[in-house]
>>> print(open('data15.pdb').read())   # PDB, C-alpha atoms
ATOM      1  CA  MET V   1     171.002 209.291  35.158
ATOM      2  CA  MET V   2     169.343 206.498  33.227
ATOM      3  CA  ALA V   3     166.878 207.095  30.459
ATOM      4  CA  GLN V   4     163.239 207.614  31.382
ATOM      5  CA  ILE V   5     161.328 204.330  31.106
ATOM      6  CA  TYR V   6     157.727 205.377  31.879
ATOM      7  CA  ASP V   7     156.111 208.802  31.404
ATOM      8  CA  ARG V   8     153.668 208.452  34.287
ATOM      9  CA  VAL V   9     153.896 205.936  37.137
ATOM     10  CA  ALA V  10     150.976 205.520  39.561
ATOM     11  CA  LEU V  11     151.547 203.944  42.985
ATOM     12  CA  ILE V  12     148.510 202.644  44.857
ATOM     13  CA  GLY V  13     149.424 202.413  48.534
ATOM     14  CA  LEU V  14     152.204 204.620  49.897
ATOM     15  CA  GLY V  15     154.111 202.498  52.413
ATOM     16  CA  LEU V  16     157.735 201.378  52.614
ATOM     17  CA  ILE V  17     157.965 199.818  49.137
ATOM     18  CA  ALA V  18     156.068 202.538  47.266
ATOM     19  CA  SER V  19     157.951 205.356  48.987
ATOM     20  CA  SER V  20     161.281 203.621  48.283
ATOM     21  CA  MET V  21     160.229 203.208  44.639
ATOM     22  CA  CYS V  22     159.576 206.971  44.491
ATOM     23  CA  HIS V  23     163.060 207.768  45.784
ATOM     24  CA  ALA V  24     164.754 205.123  43.612
ATOM     25  CA  MET V  25     162.942 206.226  40.427
ATOM     26  CA  ARG V  26     163.828 209.855  41.111
ATOM     27  CA  ARG V  27     167.458 208.982  41.814
ATOM     28  CA  ALA V  28     167.802 207.437  38.342
ATOM     29  CA  GLY V  29     165.322 209.613  36.412
ATOM     30  CA  LEU V  30     163.215 206.595  35.433
ATOM     31  CA  ALA V  31     159.773 208.253  35.427
ATOM     32  CA  GLY V  32     158.507 211.505  33.947
ATOM     33  CA  GLU V  33     155.893 211.867  36.670
ATOM     34  CA  ILE V  34     155.142 209.838  39.806
ATOM     35  CA  VAL V  35     151.631 210.006  41.243
ATOM     36  CA  GLY V  36     150.174 208.200  44.226
ATOM     37  CA  TYR V  37     147.134 207.292  46.263
ATOM     38  CA  ALA V  38     146.621 205.806  49.721
ATOM     39  CA  ARG V  39     143.345 204.761  51.315
ATOM     40  CA  SER V  40     144.090 206.689  54.518
ATOM     41  CA  ALA V  41     143.735 210.477  54.367
ATOM     42  CA  GLU V  42     146.454 210.731  57.021
ATOM     43  CA  THR V  43     148.892 208.810  54.801
ATOM     44  CA  ARG V  44     148.010 211.028  51.829
ATOM     45  CA  ASP V  45     148.638 214.142  53.937
ATOM     46  CA  ILE V  46     152.052 212.878  55.084
ATOM     47  CA  ALA V  47     152.983 211.991  51.482
ATOM     48  CA  ARG V  48     152.056 215.537  50.390
ATOM     49  CA  GLU V  49     153.886 217.115  53.325
ATOM     50  CA  ILE V  50     157.150 215.333  52.454
ATOM     51  CA  ALA V  51     156.582 215.802  48.673
ATOM     52  CA  LEU V  52     156.903 212.060  48.157
ATOM     53  CA  CYS V  53     155.168 212.046  44.755
ATOM     54  CA  ASP V  54     154.689 214.747  42.162
ATOM     55  CA  GLN V  55     150.982 214.501  42.918
ATOM     56  CA  VAL V  56     148.936 212.630  45.546
ATOM     57  CA  TYR V  57     145.279 212.173  44.625
ATOM     58  CA  ASP V  58     142.230 211.521  46.790
ATOM     59  CA  SER V  59     140.788 208.915  44.428
ATOM     60  CA  VAL V  60     142.103 205.788  42.741
ATOM     61  CA  SER V  61     140.480 206.676  39.421
ATOM     62  CA  GLU V  62     142.334 210.015  39.148
ATOM     63  CA  THR V  63     145.601 208.346  40.136
ATOM     64  CA  VAL V  64     145.609 205.655  37.451
ATOM     65  CA  LYS V  65     144.199 207.827  34.650
ATOM     66  CA  ASP V  66     146.776 208.179  31.858
ATOM     67  CA  ALA V  67     149.393 206.183  33.814
ATOM     68  CA  ASP V  68     151.779 203.970  31.809
ATOM     69  CA  LEU V  69     152.638 201.862  34.848
ATOM     70  CA  ILE V  70     150.380 201.199  37.818
ATOM     71  CA  VAL V  71     151.914 199.406  40.809
ATOM     72  CA  LEU V  72     149.668 197.929  43.491
ATOM     73  CA  CYS V  73     151.548 198.419  46.778
ATOM     74  CA  VAL V  74     148.744 197.296  49.100
ATOM     75  CA  PRO V  75     148.425 194.165  51.281
ATOM     76  CA  VAL V  76     147.574 191.025  49.302
ATOM     77  CA  GLY V  77     144.090 190.906  50.861
ATOM     78  CA  ALA V  78     143.253 194.327  49.373
ATOM     79  CA  MET V  79     144.518 193.602  45.835
ATOM     80  CA  GLU V  80     141.237 192.324  44.384
ATOM     81  CA  SER V  81     139.109 195.299  45.430
ATOM     82  CA  VAL V  82     141.754 197.760  44.184
ATOM     83  CA  ALA V  83     142.039 195.931  40.846
ATOM     84  CA  GLN V  84     138.265 196.046  40.465
ATOM     85  CA  GLU V  85     138.235 199.762  41.256
ATOM     86  CA  ILE V  86     140.966 200.770  38.788
ATOM     87  CA  SER V  87     139.832 198.514  35.945
ATOM     88  CA  PRO V  88     137.575 201.025  34.111
ATOM     89  CA  PHE V  89     140.206 203.775  34.214
ATOM     90  CA  LEU V  90     143.250 201.953  32.819
ATOM     91  CA  LYS V  91     144.494 203.241  29.483
ATOM     92  CA  PRO V  92     145.241 200.767  26.657
ATOM     93  CA  GLY V  93     148.909 199.736  26.572
ATOM     94  CA  ALA V  94     149.441 200.436  30.279
ATOM     95  CA  THR V  95     151.136 197.901  32.545
ATOM     96  CA  VAL V  96     149.706 196.859  35.921
ATOM     97  CA  SER V  97     152.162 195.338  38.370
ATOM     98  CA  ASP V  98     152.356 194.777  42.129
ATOM     99  CA  VAL V  99     154.855 194.200  44.930
ATOM    100  CA  GLY V 100     153.002 191.477  46.858
ATOM    101  CA  SER V 101     154.870 188.772  48.752
ATOM    102  CA  VAL V 102     152.555 186.075  47.320
ATOM    103  CA  LYS V 103     152.048 185.651  43.602
ATOM    104  CA  ARG V 104     149.574 182.851  42.779
ATOM    105  CA  THR V 105     146.733 184.482  44.736
ATOM    106  CA  VAL V 106     147.484 187.927  43.302
ATOM    107  CA  ILE V 107     147.314 186.518  39.764
ATOM    108  CA  ASP V 108     144.034 184.737  40.547
ATOM    109  CA  VAL V 109     142.307 187.776  42.066
ATOM    110  CA  VAL V 110     143.779 190.652  40.022
ATOM    111  CA  GLY V 111     144.047 188.982  36.594
ATOM    112  CA  PRO V 112     140.287 188.818  35.870
ATOM    113  CA  HIS V 113     139.968 192.610  36.371
ATOM    114  CA  ILE V 114     142.717 193.572  33.913
ATOM    115  CA  PRO V 115     141.077 194.684  30.653
ATOM    116  CA  ASP V 116     142.220 193.519  27.213
ATOM    117  CA  GLY V 117     145.033 195.666  25.902
ATOM    118  CA  VAL V 118     146.489 196.265  29.378
ATOM    119  CA  HIS V 119     149.568 194.273  30.423
ATOM    120  CA  PHE V 120     149.562 192.501  33.778
ATOM    121  CA  ILE V 121     153.037 191.632  35.089
ATOM    122  CA  PRO V 122     153.220 190.731  38.790
ATOM    123  CA  ALA V 123     156.494 191.368  40.624
ATOM    124  CA  HIS V 124     157.943 191.132  44.124
ATOM    125  CA  PRO V 125     160.956 193.065  45.432
ATOM    126  CA  LEU V 126     162.662 190.855  48.017
ATOM    127  CA  ALA V 127     163.673 193.784  50.148
ATOM    128  CA  GLY V 128     162.253 195.481  53.187
ATOM    129  CA  THR V 129     162.677 196.705  56.723
ATOM    130  CA  GLU V 130     160.348 196.413  59.706
ATOM    131  CA  HIS V 131     159.301 200.046  59.207
ATOM    132  CA  SER V 132     156.210 201.142  57.293
ATOM    133  CA  GLY V 133     154.491 204.284  56.068
ATOM    134  CA  PRO V 134     155.420 206.990  53.532
ATOM    135  CA  ARG V 135     158.321 208.326  55.631
ATOM    136  CA  SER V 136     160.024 204.919  55.832
ATOM    137  CA  GLY V 137     161.236 204.672  52.223
ATOM    138  CA  PHE V 138     164.761 205.285  50.961
ATOM    139  CA  ALA V 139     166.294 205.074  47.485
ATOM    140  CA  GLU V 140     168.833 202.356  48.375
ATOM    141  CA  LEU V 141     166.291 199.765  49.582
ATOM    142  CA  PHE V 142     166.439 197.704  46.363
ATOM    143  CA  ASP V 143     170.171 198.051  45.640
ATOM    144  CA  ASN V 144     171.694 194.618  44.986
ATOM    145  CA  ARG V 145     168.516 192.914  46.260
ATOM    146  CA  TYR V 146     166.507 190.566  44.075
ATOM    147  CA  THR V 147     163.160 191.423  42.532
ATOM    148  CA  ALA V 148     161.153 188.496  41.210
ATOM    149  CA  ILE V 149     159.315 189.227  37.956
ATOM    150  CA  VAL V 150     156.419 186.798  37.492
ATOM    151  CA  PRO V 151     154.868 187.117  34.006
ATOM    152  CA  VAL V 152     151.447 185.581  33.470
ATOM    153  CA  GLU V 153     150.393 183.498  30.498
ATOM    154  CA  GLY V 154     150.424 185.718  27.435
ATOM    155  CA  SER V 155     152.474 188.534  29.023
ATOM    156  CA  ASP V 156     153.890 190.769  26.300
ATOM    157  CA  PRO V 157     157.703 190.272  26.155
ATOM    158  CA  ALA V 158     158.343 193.965  25.413
ATOM    159  CA  ALA V 159     156.241 195.044  28.412
ATOM    160  CA  VAL V 160     158.058 192.509  30.622
ATOM    161  CA  ALA V 161     161.448 193.773  29.418
ATOM    162  CA  ARG V 162     160.409 197.354  30.174
ATOM    163  CA  LEU V 163     159.400 196.467  33.746
ATOM    164  CA  ILE V 164     162.682 194.571  34.237
ATOM    165  CA  ASP V 165     164.534 197.694  33.048
ATOM    166  CA  LEU V 166     162.680 199.767  35.651
ATOM    167  CA  TRP V 167     163.628 197.453  38.520
ATOM    168  CA  ALA V 168     167.219 197.231  37.300
ATOM    169  CA  GLY V 169     167.269 201.042  37.103
ATOM    170  CA  MET V 170     166.140 201.158  40.750
ATOM    171  CA  GLY V 171     169.206 199.090  41.655
ATOM    172  CA  ALA V 172     167.634 195.626  41.852
ATOM    173  CA  LEU V 173     168.877 192.311  40.527
ATOM    174  CA  THR V 174     165.983 190.676  38.662
ATOM    175  CA  GLU V 175     164.939 187.082  38.283
ATOM    176  CA  THR V 176     161.996 185.839  36.216
ATOM    177  CA  MET V 177     160.072 182.879  37.662
ATOM    178  CA  ASP V 178     156.620 181.309  37.698
ATOM    179  CA  ALA V 179     154.133 182.024  40.469
ATOM    180  CA  ASP V 180     154.059 178.633  42.208
ATOM    181  CA  HIS V 181     157.849 178.396  42.327
ATOM    182  CA  HIS V 182     157.997 181.936  43.725
ATOM    183  CA  ASP V 183     155.501 181.122  46.468
ATOM    184  CA  LEU V 184     157.409 178.007  47.551
ATOM    185  CA  VAL V 185     160.767 179.810  47.558
ATOM    186  CA  LEU V 186     159.287 182.664  49.604
ATOM    187  CA  ALA V 187     157.694 180.235  52.047
ATOM    188  CA  VAL V 188     161.229 178.991  52.797
ATOM    189  CA  THR V 189     163.131 182.286  52.736
ATOM    190  CA  SER V 190     160.580 184.678  54.211
ATOM    191  CA  HIS V 191     157.159 183.432  55.242
ATOM    192  CA  ALA V 192     158.072 180.522  57.539
ATOM    193  CA  PRO V 193     160.961 182.456  59.183
ATOM    194  CA  HIS V 194     158.554 185.293  59.968
ATOM    195  CA  LEU V 195     156.056 182.889  61.511
ATOM    196  CA  ILE V 196     158.812 181.275  63.583
ATOM    197  CA  ALA V 197     159.998 184.722  64.714
ATOM    198  CA  TYR V 198     156.464 185.704  65.736
ATOM    199  CA  THR V 199     156.177 182.407  67.637
ATOM    200  CA  MET V 200     159.481 182.828  69.464
ATOM    201  CA  VAL V 201     158.581 186.357  70.533
ATOM    202  CA  GLY V 202     155.184 185.049  71.660
ATOM    203  CA  VAL V 203     156.852 182.259  73.678
ATOM    204  CA  ALA V 204     159.090 184.798  75.431
ATOM    205  CA  ASP V 205     156.004 186.847  76.227
ATOM    206  CA  ASP V 206     154.306 183.785  77.726
ATOM    207  CA  LEU V 207     157.274 182.749  79.863
ATOM    208  CA  ARG V 208     156.477 184.602  83.041
ATOM    209  CA  ARG V 209     159.533 182.988  84.668
ATOM    210  CA  VAL V 210     161.630 185.379  82.590
ATOM    211  CA  THR V 211     160.665 188.933  83.427
ATOM    212  CA  ASP V 212     160.021 191.439  80.635
ATOM    213  CA  SER V 213     163.028 193.474  81.672
ATOM    214  CA  GLU V 214     165.307 190.439  81.303
ATOM    215  CA  VAL V 215     163.921 189.630  77.855
ATOM    216  CA  ILE V 216     164.696 193.179  76.753
ATOM    217  CA  LYS V 217     167.989 193.497  78.653
ATOM    218  CA  TYR V 218     169.545 190.315  77.279
ATOM    219  CA  SER V 219     168.015 190.473  73.797
ATOM    220  CA  ALA V 220     171.352 190.984  71.978
ATOM    221  CA  THR V 221     171.913 187.238  72.358
ATOM    222  CA  GLY V 222     169.763 186.272  69.356
ATOM    223  CA  PHE V 223     166.258 187.141  70.479
ATOM    224  CA  ARG V 224     166.810 190.663  69.116
ATOM    225  CA  ASP V 225     166.743 189.438  65.515
ATOM    226  CA  PHE V 226     163.486 187.583  66.104
ATOM    227  CA  THR V 227     161.927 190.778  67.468
ATOM    228  CA  ARG V 228     163.122 192.797  64.453
ATOM    229  CA  ILE V 229     161.405 190.372  62.095
ATOM    230  CA  ALA V 230     158.311 190.141  64.302
ATOM    231  CA  ALA V 231     157.915 193.939  64.270
ATOM    232  CA  SER V 232     156.709 193.836  60.644
ATOM    233  CA  ASP V 233     153.300 195.046  59.487
ATOM    234  CA  PRO V 234     150.636 192.719  60.984
ATOM    235  CA  VAL V 235     148.059 193.269  58.203
ATOM    236  CA  MET V 236     150.545 192.415  55.474
ATOM    237  CA  TRP V 237     151.708 189.249  57.237
ATOM    238  CA  ARG V 238     148.196 188.077  58.065
ATOM    239  CA  ASP V 239     147.394 188.304  54.354
ATOM    240  CA  VAL V 240     150.607 186.514  53.363
ATOM    241  CA  PHE V 241     149.778 183.437  55.448
ATOM    242  CA  LEU V 242     146.135 183.343  54.400
ATOM    243  CA  ASN V 243     147.185 183.561  50.754
ATOM    244  CA  ASN V 244     150.224 181.268  50.684
ATOM    245  CA  LYS V 245     148.671 178.558  52.801
ATOM    246  CA  ASP V 246     149.843 175.397  51.006
ATOM    247  CA  ALA V 247     153.501 176.328  50.571
ATOM    248  CA  THR V 248     153.789 177.736  54.100
ATOM    249  CA  LEU V 249     152.189 174.646  55.670
ATOM    250  CA  GLU V 250     154.504 172.379  53.665
ATOM    251  CA  ILE V 251     157.596 174.228  54.891
ATOM    252  CA  LEU V 252     156.310 174.407  58.485
ATOM    253  CA  GLY V 253     155.732 170.641  58.355
ATOM    254  CA  ARG V 254     159.346 170.108  57.343
ATOM    255  CA  PHE V 255     160.489 172.586  59.996
ATOM    256  CA  THR V 256     158.580 170.654  62.667
ATOM    257  CA  GLU V 257     160.248 167.385  61.580
ATOM    258  CA  GLU V 258     163.704 168.992  61.769
ATOM    259  CA  LEU V 259     162.870 170.419  65.191
ATOM    260  CA  PHE V 260     161.813 166.989  66.480
ATOM    261  CA  ALA V 261     165.090 165.492  65.159
ATOM    262  CA  LEU V 262     167.075 168.174  66.990
ATOM    263  CA  GLN V 263     165.039 167.610  70.173
ATOM    264  CA  ARG V 264     165.867 163.909  69.950
ATOM    265  CA  ALA V 265     169.582 164.635  69.428
ATOM    266  CA  ILE V 266     169.671 166.945  72.454
ATOM    267  CA  ARG V 267     167.743 164.460  74.603
ATOM    268  CA  GLN V 268     170.061 161.598  73.621
ATOM    269  CA  GLY V 269     173.242 163.663  73.907
ATOM    270  CA  ASP V 270     174.024 163.100  70.220
ATOM    271  CA  GLY V 271     176.772 165.706  69.781
ATOM    272  CA  ASP V 272     177.754 164.427  66.338
ATOM    273  CA  HIS V 273     174.270 165.044  64.931
ATOM    274  CA  LEU V 274     174.178 168.565  66.389
ATOM    275  CA  HIS V 275     177.687 169.412  65.165
ATOM    276  CA  ASP V 276     176.995 168.134  61.638
ATOM    277  CA  TYR V 277     173.693 170.015  61.478
ATOM    278  CA  PHE V 278     175.169 173.325  62.667
ATOM    279  CA  THR V 279     178.136 172.966  60.290
ATOM    280  CA  ARG V 280     175.786 172.501  57.330
ATOM    281  CA  THR V 281     173.609 175.456  58.291
ATOM    282  CA  ARG V 282     176.611 177.727  58.883
ATOM    283  CA  SER V 283     177.722 177.182  55.293
ATOM    284  CA  ILE V 284     174.357 178.575  54.096
ATOM    285  CA  ARG V 285     175.055 181.781  56.028
ATOM    286  CA  ARG V 286     178.460 182.015  54.363
ATOM    287  CA  GLY V 287     176.823 181.505  50.966
ATOM    288  CA  ILE V 288     174.442 184.418  51.614
ATOM    289  CA  ILE V 289     177.383 186.684  52.467
ATOM    290  CA  GLU V 290     179.346 185.536  49.394
ATOM    291  CA  ALA V 291     176.297 186.284  47.204
ATOM    292  CA  GLY V 292     176.381 189.866  48.499
ATOM    293  CA  GLN V 293     172.955 189.540  50.134
ATOM    294  CA  ASP V 294     174.255 190.388  53.620
ATOM    295  CA  THR V 295     177.427 191.322  55.433
ATOM    296  CA  ASP V 296     179.352 189.580  58.190
ATOM    297  CA  ALA V 297     179.748 192.866  60.105
ATOM    298  CA  PRO V 298     178.959 192.519  63.846
ATOM    299  CA  ASP V 299     175.756 194.566  63.474
ATOM    300  CA  PHE V 300     174.835 192.590  60.326
ATOM    301  CA  GLY V 301     175.368 195.830  58.400
ATOM    302  CA  ARG V 302     171.852 196.944  59.289
ATOM    303  CA  VAL V 303     171.232 200.491  58.161
ATOM    304  CA  LYS V 304     170.104 202.879  60.848
ATOM    305  CA  ALA V 305     166.322 203.160  60.837
ATOM    306  CA  PRO V 306     165.140 206.318  59.084
ATOM    307  CA  LYS V 307     163.808 208.908  61.537
ATOM    308  CA  GLU V 308     160.057 208.958  61.841
TER
END
>>> encode(input="data15.pdb", output="structure tokens")
Amino acid sequence: MMAQIYDRVALIGLGLIASSMCHAMRRAGLAGEIVGYARSAETRDIAREIALCDQVYDSVSETVKDADLIVLCVPVGAMESVAQEISPFLKPGATVSDVGSVKRTVIDVVGPHIPDGVHFIPAHPLAGTEHSGPRSGFAELFDNRYTAIVPVEGSDPAAVARLIDLWAGMGALTETMDADHHDLVLAVTSHAPHLIAYTMVGVADDLRRVTDSEVIKYSATGFRDFTRIAASDPVMWRDVFLNNKDATLEILGRFTEELFALQRAIRQGDGDHLHDYFTRTRSIRRGIIEAGQDTDAPDFGRVKAPKE
């Protein structure tokens, strides 16, 4: 067991990331008390039923009262209204953080509502599954996965160090970076791939020449991994694209250029171009495996989905 880092942690939103944080904090004894709130009464009831937190409240104000760390685990589009709501109830010296997949927008909309004397340190765990809800979390989600810590101007170094200790205690590797760099990196590694996956699944749906049963029957040939990505939470991903517009459009522009170059190579029978391109991209896959961020097992080492 590690030493306790925060006396009272409040989680706003009780989906995959928040529920995994609960399990990971408990596993390492990082928090004296974990309390939570979700907008949906049904979600709150499930969280109580499975004893996810020490206490689940019916109001945001009760949840954040006396908390040393408050983590906003809601879609990016909901961050501003939640920040506004909790602002009067934050105790001096507390830290407010988040787990949003976009950072510049979160800083712009949440920052103004953080009172003086309260630390605001955005963060983003680069981990997830396509499952959501309070039952979907598990303690190992963050193990050996990166969490980006994105301090704002004037962030207190001691408060930042404490938050880094929490994420490290939950099993994560941490990296500190600025918001714009984070958003560009994520546009490449997460946002654009998700959009491409959604598109590919949509194309398959439109191709009436291929029956639905064939799409499902032969999906192990590559389509399956697109569908896994495209099964993610639609509200969260809508908000990601609306709030990381510039970086995503830049990467999609580059993607389109690469796609046109590959189309040309196929049309012209340019085998050398295709071979060189696929050789280069294969080495990236090998690099990911060598960095311990995936496995080369036939099933990609995917953990079995937790039972609903």
>>> resolve_selection(input="data15.pdb", expression="the PyMOL selection byres ((chain V and resi 182) around 10)", output="PyMOL selection string")
chain V and resi 101-104+124+148-150+176-181+183-187+247
>>> resolve_selection(input="data15.pdb", expression="the PyMOL selection byres ((chain V and resi 42-52) around 10)", output="count of residues only")
26
>>> resolve_selection(input="data15.pdb", expression="the PyMOL selection byres ((chain V and resi 240) around 8)", output="list in words")
Val76, Ser101, Val102, His191, Met236, Trp237, Arg238, Asp239, Phe241, Leu242, Asn243 and Asn244 of chain V
>>> atom_distance(input="data15.pdb", atom1="CA of His194 (chain V)", atom2="CA of Glu140 (chain V)")
23.0 Å
>>> closest_atom_pairs(input="data15.pdb", of="region 152-206 of chain V", to="region 64-72 of chain V", cutoff="12 Å", atoms="all atoms listed in the file", output="Markdown table")
| residue | atom | partner | partner_atom | distance |
| --- | --- | --- | --- | --- |
| V:Ala159 | CA | V:Leu69 | CA | 10.0 |
| V:Val160 | CA | V:Leu69 | CA | 11.6 |
| V:Arg162 | CA | V:Leu69 | CA | 10.1 |
| V:Leu163 | CA | V:Leu69 | CA | 8.7 |
| V:Leu166 | CA | V:Leu69 | CA | 10.3 |
>>> axis_aligned_box(input="data15.pdb", around="region 52-69 of chain V", padding_each_side="6 Å", output="lines of an AutoDock Vina configuration file")
center_x = 148.7
center_y = 208.3
center_z = 40.0
size_x = 28.4
size_y = 24.9
size_z = 28.3
>>> closest_residue(input="data15.pdb", among="V:Leu90, V:Val74, V:Ala127, V:Ile12", to="Pro115 (chain V)", atoms="all atoms listed in the file")
V:Leu90
>>> closest_residue(input="data15.pdb", among="V:Glu257, V:Ile5, V:Val201, V:Ile284", to="Gly222 (chain V)", atoms="only C-alpha atoms")
V:Val201
>>> residues_around(input="data15.pdb", residues="region 290-297 of chain V", least_positions_apart="6", cutoff="9 Å", atoms="only C-alpha atoms", output="list in words")
Asn144, Arg145 and Tyr146 of chain V
>>> atom_distance(input="data15.pdb", atom1="CA of Gly100 (chain V)", atom2="CA of Ala3 (chain V)")
26.6 Å
>>> closest_residue(input="data15.pdb", among="V:Asp143, V:Lys217, V:Gly287, V:Thr248", to="Leu195 (chain V)", atoms="only C-alpha atoms")
V:Thr248
>>> atom_distance(input="data15.pdb", atom1="CA of Ser136 (chain V)", atom2="CA of Ser87 (chain V)")
29.1 Å
>>> residues_around(input="data15.pdb", residues="Gly169 (chain V)", least_positions_apart="2", cutoff="12 Å", atoms="all atoms listed in the file", output="MDAnalysis selection string")
chainID V and resid 1:6 21 23:31 139:140 142:144 147 162:167 171:174
>>> closest_residue(input="data15.pdb", among="V:Ala261, V:Val109, V:Ala158, V:Ala230", to="His131 (chain V)", atoms="all atoms listed in the file")
V:Ala230
>>> closest_residue(input="data15.pdb", among="V:Ser283, V:Thr95, V:Thr63, V:Thr105", to="Gly77 (chain V)", atoms="all atoms listed in the file")
V:Thr105
>>> closest_residue(input="data15.pdb", among="V:Glu85, V:Glu80, V:Asp98, V:Asp246", to="Val110 (chain V)", atoms="only C-alpha atoms")
V:Glu80
>>> residues_around(input="data15.pdb", residues="region 272-279 of chain V", least_positions_apart="6", cutoff="10 Å", atoms="only C-alpha atoms", output="count of residues only")
6
